[in-house]
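Peer 1: Got final-v5.txt for you, compact mmCIF, C-alpha atoms:
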```txt
# COMPACT_ATOMS: atom_id res chain seq x y z
CA MET R 1 -19.92 15.75 12.98
CA ILE R 2 -20.59 12.06 13.26
CA GLU R 3 -23.46 12.21 10.72
CA ILE R 4 -21.00 12.48 7.83
CA TYR R 5 -19.35 9.23 8.84
CA GLU R 6 -22.58 7.41 9.61
CA PRO R 7 -22.20 4.85 6.79
CA TYR R 8 -18.93 3.74 8.33
CA ILE R 9 -20.31 3.08 11.82
CA PRO R 10 -21.23 -0.57 11.00
CA VAL R 11 -17.75 -1.10 9.53
CA LEU R 12 -16.22 0.33 12.67
CA LEU R 13 -18.40 -1.86 14.88
CA ILE R 14 -17.44 -4.98 12.93
CA ALA R 15 -13.75 -4.05 13.14
CA MET R 16 -14.02 -3.53 16.89
CA ILE R 17 -15.87 -6.82 17.38
CA VAL R 18 -13.27 -8.65 15.29
CA VAL R 19 -10.33 -7.20 17.19
CA VAL R 20 -11.87 -7.72 20.64
CA LEU R 21 -13.09 -11.23 19.84
CA ALA R 22 -9.76 -12.33 18.37
CA GLY R 23 -7.89 -10.82 21.30
CA VAL R 24 -10.18 -12.44 23.89
CA ILE R 25 -9.97 -15.84 22.20
CA LEU R 26 -6.19 -15.75 21.90
CA LEU R 27 -5.77 -14.45 25.45
CA ALA R 28 -8.19 -16.97 26.95
CA ASN R 29 -6.51 -19.79 25.07
CA GLY R 30 -3.10 -18.71 26.29
CA LEU R 31 -4.22 -18.29 29.90
CA LEU R 32 -6.64 -21.19 30.34
CA GLY R 33 -5.40 -23.90 27.97
CA PRO R 34 -3.19 -26.60 29.53
CA LYS R 35 0.27 -26.76 27.97
CA ARG R 36 2.31 -29.93 28.43
CA PRO R 37 4.66 -29.98 25.45
CA THR R 38 6.73 -33.06 24.74
CA ARG R 39 9.22 -33.64 21.95
CA LEU R 40 6.80 -35.96 20.13
CA LYS R 41 4.00 -33.42 20.28
CA GLY R 42 6.33 -30.75 18.94
CA ILE R 43 7.24 -32.41 15.64
CA PRO R 44 5.02 -31.72 12.62
CA TYR R 45 2.38 -34.37 11.99
CA GLU R 46 2.77 -35.90 8.57
CA SER R 47 0.32 -38.79 8.69
CA GLY R 48 2.42 -40.62 11.25
CA VAL R 49 5.57 -40.59 9.13
CA ASP R 50 8.66 -38.87 10.48
CA PRO R 51 9.36 -35.55 8.71
CA VAL R 52 11.56 -36.28 5.72
CA ASP R 53 12.61 -32.76 4.80
CA SER R 54 12.79 -29.19 6.02
CA PRO R 55 9.55 -27.29 5.50
CA ARG R 56 11.53 -24.26 4.36
CA HIS R 57 11.43 -25.05 0.66
CA ARG R 58 11.91 -22.29 -1.86
CA PHE R 59 8.70 -21.79 -3.75
CA SER R 60 8.72 -21.90 -7.54
CA VAL R 61 8.88 -18.62 -9.45
CA LYS R 62 5.68 -19.67 -11.25
CA PHE R 63 3.72 -18.40 -8.26
CA TYR R 64 5.26 -14.98 -8.80
CA MET R 65 4.09 -14.99 -12.43
CA THR R 66 0.55 -15.72 -11.26
CA ALA R 67 0.80 -12.95 -8.67
CA ILE R 68 1.93 -10.47 -11.34
CA LEU R 69 -1.06 -11.37 -13.50
CA PHE R 70 -3.33 -10.94 -10.49
CA LEU R 71 -1.83 -7.54 -9.69
CA VAL R 72 -2.26 -6.21 -13.22
CA PHE R 73 -5.83 -7.37 -13.67
CA ASP R 74 -6.72 -6.25 -10.17
CA LEU R 75 -5.63 -2.76 -11.20
CA GLU R 76 -7.53 -3.10 -14.48
CA VAL R 77 -10.76 -3.81 -12.58
CA VAL R 78 -10.01 -0.95 -10.23
CA PHE R 79 -9.79 1.43 -13.19
CA LEU R 80 -12.86 -0.11 -14.86
CA TYR R 81 -15.02 0.51 -11.82
CA PRO R 82 -15.19 4.34 -11.85
CA TRP R 83 -15.54 4.22 -15.65
CA ALA R 84 -18.49 1.82 -15.47
CA VAL R 85 -20.24 3.85 -12.77
CA ASN R 86 -19.96 7.00 -14.88
CA TYR R 87 -20.60 5.45 -18.28
CA ASN R 88 -24.26 6.45 -18.50
CA GLY R 89 -23.26 10.02 -17.77
CA PHE R 90 -20.61 9.89 -20.50
CA LEU R 91 -23.16 8.54 -23.00
CA ALA R 92 -25.49 11.44 -22.23
CA ASP R 93 -22.72 13.79 -23.33
CA PRO R 94 -22.57 13.41 -27.16
CA GLY R 95 -19.18 15.06 -27.47
CA PHE R 96 -17.57 12.74 -24.98
CA ALA R 97 -19.22 9.33 -25.46
CA ALA R 98 -16.83 8.10 -28.16
CA THR R 99 -13.76 9.32 -26.27
CA ALA R 100 -14.89 7.63 -23.06
CA PHE R 101 -15.45 4.33 -24.86
CA GLY R 102 -12.29 4.54 -26.95
CA SER R 103 -10.03 5.43 -24.03
CA MET R 104 -11.14 2.44 -22.00
CA ALA R 105 -10.91 0.17 -25.06
CA ALA R 106 -7.33 1.32 -25.61
CA PHE R 107 -6.58 0.76 -21.91
CA LEU R 108 -7.90 -2.79 -22.06
CA VAL R 109 -6.04 -3.57 -25.30
CA ILE R 110 -2.74 -2.29 -23.89
CA LEU R 111 -3.12 -4.42 -20.77
CA ALA R 112 -4.15 -7.41 -22.90
CA LEU R 113 -0.80 -7.02 -24.70
CA GLY R 114 0.88 -7.74 -21.36
CA LEU R 115 -1.19 -10.88 -20.93
CA PHE R 116 -0.36 -11.91 -24.50
CA TYR R 117 3.37 -11.34 -23.87
CA GLU R 118 3.31 -13.42 -20.72
CA TYR R 119 1.47 -16.17 -22.60
CA LYS R 120 4.02 -16.15 -25.46
CA ARG R 121 6.94 -16.27 -23.06
CA GLY R 122 5.39 -19.36 -21.52
CA ALA R 123 5.16 -17.75 -18.14
CA MET R 124 1.71 -19.18 -17.69
CA SER R 125 2.54 -22.79 -18.50
CA TRP R 126 2.86 -24.70 -15.26
CA ASP R 127 5.53 -27.24 -16.34
CA MET O 1 -14.91 14.82 18.65
CA PHE O 2 -15.54 11.58 16.81
CA GLU O 3 -13.22 12.72 14.04
CA GLN O 4 -10.43 13.59 16.48
CA VAL O 5 -10.70 10.29 18.35
CA MET O 6 -10.57 8.33 15.10
CA PHE O 7 -7.69 10.46 13.83
CA TRP O 8 -5.59 9.70 16.90
CA LEU O 9 -6.55 6.03 16.80
CA PHE O 10 -5.71 5.49 13.13
CA GLY O 11 -2.76 7.90 13.17
CA ALA O 12 -1.13 6.24 16.16
CA GLY O 13 -1.84 2.83 14.64
CA ALA O 14 -0.29 3.79 11.30
CA VAL O 15 2.83 5.26 12.94
CA VAL O 16 3.35 2.35 15.33
CA THR O 17 2.88 -0.35 12.68
CA ALA O 18 5.04 1.55 10.17
CA GLY O 19 7.68 1.77 12.88
CA MET O 20 7.45 -1.99 13.32
CA VAL O 21 8.30 -2.39 9.62
CA VAL O 22 11.44 -0.29 10.06
CA ALA O 23 12.61 -0.87 13.64
CA PRO O 24 15.02 -3.77 14.17
CA PRO O 25 13.51 -6.12 16.77
CA PHE O 26 10.27 -6.64 14.88
CA ASN O 27 11.50 -6.95 11.30
CA ARG O 28 14.00 -9.76 11.79
CA ASN O 29 11.48 -12.00 10.05
CA PRO O 30 10.32 -10.35 6.78
CA VAL O 31 6.87 -11.95 7.13
CA HIS O 32 6.33 -10.06 10.40
CA ALA O 33 7.37 -6.82 8.69
CA ALA O 34 4.92 -7.52 5.84
CA LEU O 35 2.07 -8.15 8.30
CA ALA O 36 2.88 -4.93 10.17
CA LEU O 37 2.82 -3.11 6.84
CA ILE O 38 -0.65 -4.54 6.06
CA ALA O 39 -1.87 -3.28 9.45
CA SER O 40 -0.36 0.10 8.60
CA PHE O 41 -2.24 0.14 5.27
CA PHE O 42 -5.52 -0.58 7.06
CA CYS O 43 -4.92 2.32 9.45
CA MET O 44 -4.17 4.55 6.46
CA ALA O 45 -7.45 3.41 4.86
CA GLY O 46 -9.21 4.53 8.04
CA LEU O 47 -7.57 7.94 7.71
CA TYR O 48 -8.70 8.14 4.08
CA MET O 49 -12.27 7.46 5.23
CA LEU O 50 -11.93 10.32 7.74
CA LEU O 51 -10.86 12.50 4.79
CA LEU O 52 -14.06 11.46 2.95
CA ALA O 53 -11.96 9.70 0.30
CA HIS O 54 -14.35 6.76 0.14
CA LEU O 55 -13.12 5.30 -3.15
CA LEU O 56 -9.45 5.65 -2.25
CA ALA O 57 -9.99 4.05 1.17
CA VAL O 58 -11.41 0.97 -0.53
CA LEU O 59 -8.67 1.00 -3.18
CA GLN O 60 -6.05 1.21 -0.46
CA ILE O 61 -7.25 -2.09 0.99
CA LEU O 62 -8.01 -3.66 -2.39
CA VAL O 63 -4.74 -2.83 -4.15
CA TYR O 64 -2.18 -2.23 -1.39
CA ALA O 65 -3.24 -4.75 1.24
CA GLY O 66 -4.78 -7.09 -1.32
CA ALA O 67 -2.47 -7.20 -4.33
CA ILE O 68 0.85 -5.52 -3.55
CA MET O 69 1.31 -7.26 -0.22
CA VAL O 70 0.42 -10.59 -1.82
CA LEU O 71 3.32 -9.94 -4.18
CA PHE O 72 5.61 -9.13 -1.24
CA LEU O 73 4.60 -12.24 0.69
CA PHE O 74 5.06 -14.42 -2.42
CA VAL O 75 8.60 -13.10 -2.89
CA ILE O 76 9.38 -13.56 0.81
CA MET O 77 8.30 -17.19 0.48
CA LEU O 78 10.04 -17.60 -2.89
CA LEU O 79 13.37 -16.46 -1.49
CA ASN O 80 12.75 -18.00 1.93
CA LEU O 81 15.60 -16.08 3.46
CA GLY O 82 17.47 -17.50 6.38
CA ASP O 83 19.94 -15.64 8.57
CA HIS O 84 22.71 -16.55 6.14
CA GLU O 85 21.20 -14.77 3.13
CA LEU O 86 20.02 -11.76 5.10
CA GLY O 87 23.54 -10.91 6.15
CA LYS O 88 24.36 -8.78 9.13
CA GLN O 89 22.36 -5.65 9.77
CA SER O 90 25.42 -3.55 10.33
CA SER O 91 24.96 -0.13 11.89
CA SER O 92 27.53 2.22 10.45
CA VAL O 93 28.33 5.84 11.25
CA GLY O 94 26.79 6.91 7.93
CA GLN O 95 23.48 5.33 8.88
CA MET O 96 23.41 7.12 12.21
CA ILE O 97 24.15 10.42 10.47
CA GLY O 98 21.31 9.74 8.02
CA LEU O 99 18.93 8.90 10.86
CA VAL O 100 19.78 12.04 12.84
CA ALA O 101 19.58 14.21 9.71
CA MET O 102 16.16 12.79 8.79
CA ALA O 103 14.88 13.33 12.34
CA PHE O 104 16.17 16.91 12.28
CA VAL O 105 14.61 17.73 8.89
CA THR O 106 11.30 16.20 9.97
CA SER O 107 11.23 18.09 13.26
CA LYS O 108 11.75 21.34 11.35
CA LEU O 109 9.02 20.33 8.88
CA VAL O 110 6.59 19.45 11.68
CA VAL O 111 7.20 22.77 13.44
CA THR O 112 6.71 24.68 10.18
CA LEU O 113 3.52 22.81 9.35
CA ALA O 114 2.12 23.20 12.84
CA THR O 115 2.62 26.95 12.80
CA SER O 116 1.68 27.82 9.22
CA ALA O 117 -0.23 25.09 7.36
CA ASP O 118 -3.66 26.12 8.62
CA SER O 119 -3.13 29.69 7.47
CA LEU O 120 -2.62 28.67 3.84
CA PRO O 121 -5.16 30.30 1.50
CA HIS O 122 -7.35 27.21 1.47
CA GLY O 123 -6.54 26.04 4.95
CA ALA O 124 -8.01 29.20 6.42
CA ASP O 125 -11.37 28.59 4.77
CA PRO O 126 -11.85 24.83 4.64
CA ALA O 127 -14.61 23.34 2.57
CA ALA O 128 -17.84 22.86 4.46
CA PRO O 129 -18.54 19.18 5.28
CA GLU O 130 -22.22 19.35 4.33
CA ALA O 131 -21.39 20.75 0.89
CA LEU O 132 -18.77 18.06 0.32
CA VAL O 133 -21.17 15.28 1.24
CA ARG O 134 -23.94 16.80 -0.88
CA ASP O 135 -21.63 16.95 -3.91
CA GLY O 136 -20.66 13.31 -3.48
CA PHE O 137 -17.08 14.22 -2.64
CA GLY O 138 -14.73 11.24 -2.91
CA THR O 139 -17.36 8.85 -4.24
CA VAL O 140 -16.74 6.60 -7.23
CA ALA O 141 -18.89 8.79 -9.50
CA THR O 142 -17.15 12.07 -8.63
CA VAL O 143 -13.59 10.76 -8.80
CA GLY O 144 -14.31 8.75 -11.95
CA ASP O 145 -15.85 11.75 -13.66
CA ALA O 146 -12.83 13.95 -12.86
CA MET O 147 -10.45 11.22 -13.98
CA PHE O 148 -12.04 10.45 -17.34
CA ARG O 149 -12.93 14.01 -18.25
CA HIS O 150 -9.68 15.71 -17.32
CA TYR O 151 -6.97 13.06 -16.86
CA LEU O 152 -7.30 10.77 -19.87
CA VAL O 153 -3.62 11.05 -20.85
CA PRO O 154 -2.27 9.94 -17.44
CA PHE O 155 -4.89 7.18 -17.53
CA GLU O 156 -3.57 5.82 -20.84
CA LEU O 157 0.01 6.28 -19.65
CA THR O 158 -0.86 4.16 -16.61
CA ALA O 159 -1.84 1.36 -18.98
CA ILE O 160 1.51 1.63 -20.74
CA LEU O 161 3.33 1.76 -17.38
CA LEU O 162 1.56 -1.41 -16.25
CA LEU O 163 2.38 -3.10 -19.57
CA ILE O 164 6.05 -2.19 -19.13
CA ALA O 165 5.94 -3.42 -15.53
CA VAL O 166 4.50 -6.78 -16.61
CA ILE O 167 7.07 -7.21 -19.37
CA GLY O 168 9.92 -6.13 -17.08
CA ALA O 169 8.86 -8.41 -14.26
CA VAL O 170 8.45 -11.39 -16.61
CA VAL O 171 11.84 -10.78 -18.25
CA LEU O 172 13.57 -10.41 -14.88
CA ALA O 173 11.90 -13.30 -13.13
CA LYS O 174 11.36 -15.82 -15.91
CA ARG O 175 14.65 -17.65 -15.54
CA ASN O 176 14.21 -20.15 -12.74
CA LEU O 177 15.66 -19.54 -9.34
CA MET V 1 -26.72 20.83 16.33
CA GLN V 2 -27.69 23.96 14.45
CA GLU V 3 -24.26 25.56 14.59
CA THR V 4 -22.35 25.14 11.35
CA LEU V 5 -20.55 21.86 10.94
CA ALA V 6 -16.80 22.01 10.48
CA PHE V 7 -14.05 19.46 10.36
CA THR V 8 -12.53 19.20 13.80
CA VAL V 9 -9.19 17.82 12.60
CA PRO V 10 -7.29 20.65 10.88
CA LEU V 11 -5.23 20.21 7.75
CA SER V 12 -1.95 20.62 9.63
CA TRP V 13 -2.53 17.49 11.73
CA TYR V 14 -2.80 15.35 8.63
CA LEU V 15 0.27 17.01 7.12
CA ILE V 16 2.28 16.43 10.30
CA LEU V 17 1.19 12.79 10.43
CA ALA V 18 2.18 12.38 6.78
CA ALA V 19 5.56 13.98 7.50
CA ILE V 20 6.17 11.56 10.37
CA LEU V 21 5.18 8.56 8.25
CA PHE V 22 7.37 9.79 5.38
CA THR V 23 10.31 10.07 7.80
CA ILE V 24 9.74 6.54 9.08
CA GLY V 25 9.80 5.30 5.48
CA ALA V 26 12.88 7.35 4.60
CA ILE V 27 14.74 6.10 7.68
CA GLY V 28 13.84 2.57 6.60
CA VAL V 29 15.22 3.19 3.10
CA PHE V 30 18.43 4.68 4.48
CA THR V 31 19.18 2.25 7.29
CA ARG V 32 17.76 -1.16 6.34
CA ARG V 33 20.01 -3.56 4.46
CA ASN V 34 17.39 -6.12 3.46
CA ALA V 35 16.16 -5.13 -0.02
CA LEU V 36 12.63 -6.35 0.78
CA LEU V 37 12.44 -4.04 3.80
CA VAL V 38 13.74 -1.17 1.67
CA LEU V 39 10.90 -1.74 -0.81
CA MET V 40 8.36 -1.90 2.03
CA SER V 41 9.72 1.41 3.36
CA VAL V 42 9.21 2.94 -0.09
CA GLU V 43 5.56 1.85 0.10
CA ILE V 44 5.23 3.64 3.46
CA MET V 45 6.66 6.80 1.88
CA LEU V 46 4.20 6.58 -1.04
CA ASN V 47 1.36 6.19 1.44
CA ALA V 48 2.45 9.27 3.34
CA VAL V 49 2.40 11.23 0.08
CA ASN V 50 -1.10 9.92 -0.68
CA LEU V 51 -2.23 11.13 2.72
CA THR V 52 -1.07 14.69 1.94
CA PHE V 53 -2.82 14.62 -1.44
CA LEU V 54 -6.08 13.53 0.16
CA ALA V 55 -5.80 16.01 3.04
CA PHE V 56 -5.36 18.88 0.59
CA ALA V 57 -8.19 17.50 -1.59
CA ARG V 58 -10.58 17.64 1.36
CA THR V 59 -9.48 21.14 2.32
CA ARG V 60 -9.87 22.41 -1.23
CA GLY V 61 -13.01 20.41 -1.85
CA ASP V 62 -12.02 19.15 -5.30
CA SER V 63 -11.22 15.73 -6.73
CA ILE V 64 -7.77 16.35 -8.22
CA GLY V 65 -6.00 14.91 -5.19
CA HIS V 66 -8.11 11.78 -5.41
CA VAL V 67 -7.29 11.23 -9.08
CA VAL V 68 -3.57 11.74 -8.45
CA THR V 69 -3.68 9.30 -5.52
CA PHE V 70 -5.38 6.81 -7.84
CA PHE V 71 -2.44 7.04 -10.23
CA VAL V 72 0.08 6.88 -7.37
CA ILE V 73 -1.44 3.57 -6.29
CA ALA V 74 -1.09 2.23 -9.85
CA VAL V 75 2.53 3.42 -9.98
CA ALA V 76 3.19 1.79 -6.60
CA ALA V 77 1.88 -1.50 -7.95
CA ALA V 78 4.14 -1.30 -11.01
CA GLU V 79 7.09 -0.32 -8.81
CA ALA V 80 6.49 -3.26 -6.48
CA ALA V 81 6.23 -5.74 -9.39
CA VAL V 82 9.48 -4.63 -11.04
CA GLY V 83 11.32 -4.00 -7.76
CA LEU V 84 10.54 -7.45 -6.42
CA ALA V 85 11.52 -9.04 -9.74
CA LEU V 86 14.84 -7.17 -9.46
CA VAL V 87 15.32 -8.46 -5.92
CA MET V 88 14.76 -11.99 -7.17
CA GLY V 89 17.19 -11.44 -10.04
CA VAL V 90 19.83 -10.11 -7.63
CA PHE V 91 19.24 -13.04 -5.31
CA ARG V 92 19.72 -15.48 -8.19
CA HIS V 93 23.18 -14.06 -8.92
CA THR V 94 24.52 -13.26 -5.49
CA ARG V 95 22.44 -15.45 -3.10
CA THR V 96 21.84 -12.40 -0.95
CA VAL V 97 19.36 -9.54 -0.68
CA ASN V 98 21.69 -7.36 1.38
CA VAL V 99 21.91 -4.09 -0.54
CA ASP V 100 25.32 -3.33 1.01
CA SER V 101 26.87 -6.31 -0.75
CA LEU V 102 25.78 -5.04 -4.18
CA ARG V 103 28.78 -2.94 -5.09
CA ALA V 104 29.68 -4.08 -8.62
CA MET V 105 28.08 -2.65 -11.74
CA ARG V 106 28.54 -6.00 -13.44
CA ARG V 107 29.35 -9.52 -12.41
```
Translate this structure into structure tokens?
Peer 2:
Amino acid sequence: MIEIYEPYIPVLLIAMIVVVLAGVILLANGLLGPKRPTRLKGIPYESGVDPVDSPRHRFSVKFYMTAILFLVFDLEVVFLYPWAVNYNGFLADPGFAATAFGSMAAFLVILALGLFYEYKRGAMSWD
Amino acid sequence: MFEQVMFWLFGAGAVVTAGMVVAPPFNRNPVHAALALIASFFCMAGLYMLLLAHLLAVLQILVYAGAIMVLFLFVIMLLNLGDHELGKQSSSVGQMIGLVAMAFVTSKLVVTLATSADSLPHGADPAAPEALVRDGFGTVATVGDAMFRHYLVPFELTAILLLIAVIGAVVLAKRNL
Amino acid sequence: MQETLAFTVPLSWYLILAAILFTIGAIGVFTRRNALLVLMSVEIMLNAVNLTFLAFARTRGDSIGHVVTFFVIAVAAAEAAVGLALVMGVFRHTRTVNVDSLRAMRR
């Protein structure tokens, strides 16, 4: 049964090594490392200056706009990938080549409209 | 044997980490809940690999753990909720009723599935693993071919859905916090 | 190794696991009051559904379940983008993300 999953054995090994190594390092650090906390050691280090403000700032909504763009184009690439892998096969099929090309072109244009809208609304300008 | 061990490993991992997203002591801090959810997505990707859904296992990590959770973490940091904004997690009678009802329905469902799912027409004669692997089941080529030959309309509709999502998100979030 | 290979995890195990995960997500949607946790619970439910699609796809040996799961992931991404934007919009007006405190249809 294991033969079917053979390509994943290296992935599994790496995952196991990562988990075990991270666990061992964290555990060893917690058990062996000396801990003598003082108030001065506990405050955040800001180049020797006392902290002037709470670190819990609200982030700007601009980051969300960037994340939305990332999400959409991530999905675009995800849809492009199976299309690109199969494209030679689609070309070999005369009845389907134009449809395969046109459908992906329409897909890209529709998603580009979203990018264009975000650009026009000024969601991408940083100031 | 290998398949069963991995199924229990990933299944238990997915259930435990999903429970950490939902159960009270762990999700007091939304960042912890988001990290538990990412761990849950990785366990689900492992299950997809067991199901020979190679492309979907990678997509699960790429899109869910990579893009959607980035969005969640950004919003958690954007709002930066303290105890004041979160409000009290009140436990009302209605919630308890909902919880008990859900547990009851699921227990019935589990019993039904356990007794009858494997005797479904296709469950009785499952596809042979060698044939699936030989046909490239779940690979990029096979899934892509099925998608572009038979599901072009949903594919284009997905583009429109994403366009609407972008426009909606920009309209809703553009005004500054 | 000459005996015929077969999957040792039957379909019903995957379906039961998906049912349990779906319940966890549904309980989260019903009982959590933090809108972000509600959205995360919805993602768990969508994942449970994907698991059933893929389990049936393997049993049937065709790719339909994979294609549908592909689209579900895209829908989940769109849902997360709009849902989180809504949460931010609600937070801007009410300074809270507690879904219990959202009782008015308009301000």
Peer 1: Please, which residues of chain O lie no more than 8 Å from chain R when the count uses all atoms listed in the file, and can they be set out as a short mmCIF file (atom, residue, chain, number, x, y, z; two decimals) with C-alpha atoms, in the coordinates of the input?
Peer 2:
```cif
data_model
loop_
_atom_site.label_atom_id
_atom_site.label_comp_id
_atom_site.auth_asym_id
_atom_site.auth_seq_id
_atom_site.Cartn_x
_atom_site.Cartn_y
_atom_site.Cartn_z
CA MET O 1 -14.91 14.82 18.65
CA PHE O 2 -15.54 11.58 16.81
CA GLU O 3 -13.22 12.72 14.04
CA LEU O 50 -11.93 10.32 7.74
CA LEU O 59 -8.67 1.00 -3.18
CA VAL O 63 -4.74 -2.83 -4.15
CA ALA O 67 -2.47 -7.20 -4.33
CA ILE O 68 0.85 -5.52 -3.55
CA VAL O 70 0.42 -10.59 -1.82
CA LEU O 71 3.32 -9.94 -4.18
CA PHE O 74 5.06 -14.42 -2.42
CA VAL O 75 8.60 -13.10 -2.89
CA MET O 77 8.30 -17.19 0.48
CA LEU O 78 10.04 -17.60 -2.89
CA LEU O 79 13.37 -16.46 -1.49
CA ASN O 80 12.75 -18.00 1.93
CA PRO O 129 -18.54 19.18 5.28
CA GLU O 130 -22.22 19.35 4.33
CA VAL O 133 -21.17 15.28 1.24
CA VAL O 140 -16.74 6.60 -7.23
CA ALA O 141 -18.89 8.79 -9.50
CA VAL O 143 -13.59 10.76 -8.80
CA GLY O 144 -14.31 8.75 -11.95
CA ASP O 145 -15.85 11.75 -13.66
CA PHE O 148 -12.04 10.45 -17.34
CA LEU O 152 -7.30 10.77 -19.87
CA PHE O 155 -4.89 7.18 -17.53
CA GLU O 156 -3.57 5.82 -20.84
CA ALA O 159 -1.84 1.36 -18.98
CA ILE O 160 1.51 1.63 -20.74
CA LEU O 162 1.56 -1.41 -16.25
CA LEU O 163 2.38 -3.10 -19.57
CA ILE O 164 6.05 -2.19 -19.13
CA VAL O 166 4.50 -6.78 -16.61
CA ILE O 167 7.07 -7.21 -19.37
CA ALA O 169 8.86 -8.41 -14.26
CA VAL O 170 8.45 -11.39 -16.61
CA ALA O 173 11.90 -13.30 -13.13
CA LYS O 174 11.36 -15.82 -15.91
CA ASN O 176 14.21 -20.15 -12.74
CA LEU O 177 15.66 -19.54 -9.34
#
```
Peer 1: Please build the interface table for chain V against chain R with a cut-off of 9 Å, listing for each qualifying residue the nearest atom pair and the distance in Å to one decimal; count all atoms listed in the file, order rows by chain and increasing number, and write it as a Markdown table.
Peer 2:
```
| residue | atom | partner | partner_atom | distance |
| --- | --- | --- | --- | --- |
| V:Leu5 | CA | R:Met1 | CA | 6.5 |
| V:Ala6 | CA | R:Met1 | CA | 7.4 |
| V:Phe7 | CA | R:Met1 | CA | 7.4 |
| V:Thr8 | CA | R:Met1 | CA | 8.2 |
| V:Phe70 | CA | R:Phe79 | CA | 8.8 |
| V:Ala74 | CA | R:Leu75 | CA | 6.9 |
| V:Ala77 | CA | R:Leu71 | CA | 7.3 |
| V:Ala78 | CA | R:Val72 | CA | 8.4 |
| V:Ala81 | CA | R:Ile68 | CA | 6.7 |
| V:Ala85 | CA | R:Tyr64 | CA | 8.7 |
```
Peer 1: Those residues you just picked out, can you put them in a file as a JSON list (two decimals), in the coordinates of the input with C-alpha atoms?
Peer 2:
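Saved as out32.json:
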```
[["chain", "number", "residue", "atom", "x", "y", "z"],
["V", 5, "LEU", "CA", -20.55, 21.86, 10.94],
["V", 6, "ALA", "CA", -16.80, 22.01, 10.48],
["V", 7, "PHE", "CA", -14.05, 19.46, 10.36],
["V", 8, "THR", "CA", -12.53, 19.20, 13.80],
["V", 70, "PHE", "CA", -5.38, 6.81, -7.84],
["V", 74, "ALA", "CA", -1.09, 2.23, -9.85],
["V", 77, "ALA", "CA", 1.88, -1.50, -7.95],
["V", 78, "ALA", "CA", 4.14, -1.30, -11.01],
["V", 81, "ALA", "CA", 6.23, -5.74, -9.39],
["V", 85, "ALA", "CA", 11.52, -9.04, -9.74]]
```
Peer 1: Would you compute the distance between atom CA of O:Leu9 and atom CA of R:Gly30? Give it in Å to one decimal.
Peer 2: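 Computing the Euclidean distance for atom CA of O:Leu9 and atom CA of R:Gly30 yields 26.7 Å.
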Peer 1: Show me, as a PyMOL selection string, the residues that have an atom within 9 Å of stretch 28-37 of chain O when counting all atoms listed in the file, minus same-chain residues fewer than 2 positions from it.
Peer 2: (chain O and resi 14+16-22+24-26+39-42+65+69+72-73+76-77+81-83) or (chain V and resi 34+36-37+40-41+43-44)
Peer 1: Provide the atom CA of O:Leu47 to atom CA of O:Thr142 distance in Å, to one decimal place.
Peer 2: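 Between these atoms lies a distance of 19.4 Å.
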Peer 1: Between V:Val99, V:Ile27, V:Leu39, V:Val49, which has the minimum distance to chain O (counting all atoms listed in the file)?
Peer 2: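 Among the listed residues, V:Ile27 lies closest to chain O.
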Peer 1: Nearest residue to chain V out of O:Val105, O:Ala57, O:Ala131, O:Ala114, using only C-alpha atoms?
Peer 2: O:Ala114
Peer 1: What does the structure give for the distance between atom CA of O:Met102 and atom CA of O:Ser116, in Å to one decimal?
Peer 2: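 Going from atom CA of O:Met102 over to atom CA of O:Ser116 covers 20.9 Å.
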